[in-house]
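Engineer: The structure is given below, and queries will be raised subsequently.
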Amino acid sequence: MRYRLTFVAGLALGYVLGTRAGRERYEQLKKSARQIAQNPAVRNTAETAAQQGRVYAGKAFHTVTHKVGDHVPESVTQRVRSLRERNTNGFPEDDWGTSNT
């Protein structure tokens, strides 16, 4: 799935950069993308995906911690701690710009 999304994003970028339709078509595509991104259904889906990602990342963290134990270098341990502490009201900072509600 990740490769499909990457391919589609690359295809869209190639079209925008390579098109001869001009500035009007670019602005039209930009407006359409903005409308899609502001759609409540799309935003809710993105928030749900982000929340599930955080849940799976937490589970993976605990699994790796139990299997690896104290074999992790101190620099990696410090980085993980700093990332875990970088949260607001119990929720990690969301790089997608969506709310955590």
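Naming works like this for the structure tokens: A, B, ... for the chains as they're shown, residue 1 at the start of each chain, ligands 1 onward in shown order.
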Could you pull out the alpha helix (DSSP H) residues of chain A, going by DSSP on the backbone, and write them as a ChimeraX atom specification?

Structural biologist: /A:2-18,23-38,40-68,74-85

Engineer: Identify, with DSSP run on backbone atoms, the residues in chain A assigned to strand (DSSP E or B), and express the list as a PyMOL selection string.

Structural biologist: chain A and resi 87-88+91-92

Engineer: With a distance cut-off of 12 Å and only C-alpha atoms, select the neighbouring residues of range 2-13 of chain A, excluding the residue or stretch itself and same-chain residues fewer than 5 positions from it, and output the selection as a list in words.

Structural biologist: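 Contacts, in chain order: Gly18, Thr19, Tyr26, Leu29, Lys30 and Ala33 of chain A.
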
Engineer: How would the residues just chosen look if you wrote them out with N, CA, C and O atoms as a tab-separated table (two decimals), in the first residue's frame?

Structural biologist:
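Output (selection-v4.tsv):
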```tsv
chain	number	residue	atom	x	y	z
A	18	GLY	N	5.26	18.56	-15.06
A	18	GLY	CA	5.49	18.37	-16.49
A	18	GLY	C	4.37	18.84	-17.39
A	18	GLY	O	4.50	18.81	-18.62
A	19	THR	N	3.29	19.26	-16.84
A	19	THR	CA	2.15	19.64	-17.66
A	19	THR	C	2.42	20.94	-18.41
A	19	THR	O	3.15	21.80	-17.97
A	26	TYR	N	-2.53	24.37	-12.72
A	26	TYR	CA	-1.84	24.20	-11.45
A	26	TYR	C	-2.70	24.73	-10.30
A	26	TYR	O	-2.86	24.07	-9.28
A	29	LEU	N	-5.64	22.39	-9.67
A	29	LEU	CA	-5.23	21.20	-8.94
A	29	LEU	C	-4.95	21.52	-7.47
A	29	LEU	O	-5.31	20.75	-6.57
A	30	LYS	N	-4.34	22.65	-7.24
A	30	LYS	CA	-4.03	23.08	-5.87
A	30	LYS	C	-5.32	23.30	-5.08
A	30	LYS	O	-5.43	22.89	-3.92
A	33	ALA	N	-6.90	19.89	-4.30
A	33	ALA	CA	-6.17	19.21	-3.23
A	33	ALA	C	-6.51	19.83	-1.88
A	33	ALA	O	-6.68	19.11	-0.88
```

Engineer: Set the distance at 12 Å and use only C-alpha atoms: which residues neighbour Val80 in chain A once local chain neighbours fewer than 5 positions away are removed? I'd like the list as a ChimeraX atom specification.

Structural biologist: /A:57-58,61,65,72-75,85-86

Engineer: How would the residues just picked look written out with C-alpha atoms as a CSV table (one decimal), in the first residue's frame?

Structural biologist:
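Output file selection22.csv follows:
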```
chain,number,residue,atom,x,y,z
A,57,ALA,CA,4.2,2.2,17.7
A,58,GLY,CA,3.6,1.9,21.4
A,61,PHE,CA,8.2,-0.2,21.5
A,65,THR,CA,12.1,-3.2,24.8
A,72,VAL,CA,20.5,-0.6,23.2
A,73,PRO,CA,23.2,2.1,23.0
A,74,GLU,CA,22.7,5.1,25.4
A,75,SER,CA,22.3,7.5,22.5
A,85,GLU,CA,8.6,13.3,26.6
A,86,ARG,CA,7.6,15.5,23.6
```

Engineer: Which distance in Å separates CA of Ala49 in chain A and CA of Ala37 in chain A, to one decimal?

Structural biologist: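 If I compute the distance from CA of Ala49 in chain A to CA of Ala37 in chain A, I get 14.4 Å.
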
Engineer: Suppose you want the space between CA of Ser32 in chain A and CA of Gly53 in chain A; what is it in Å?

Structural biologist: 26.9 Å
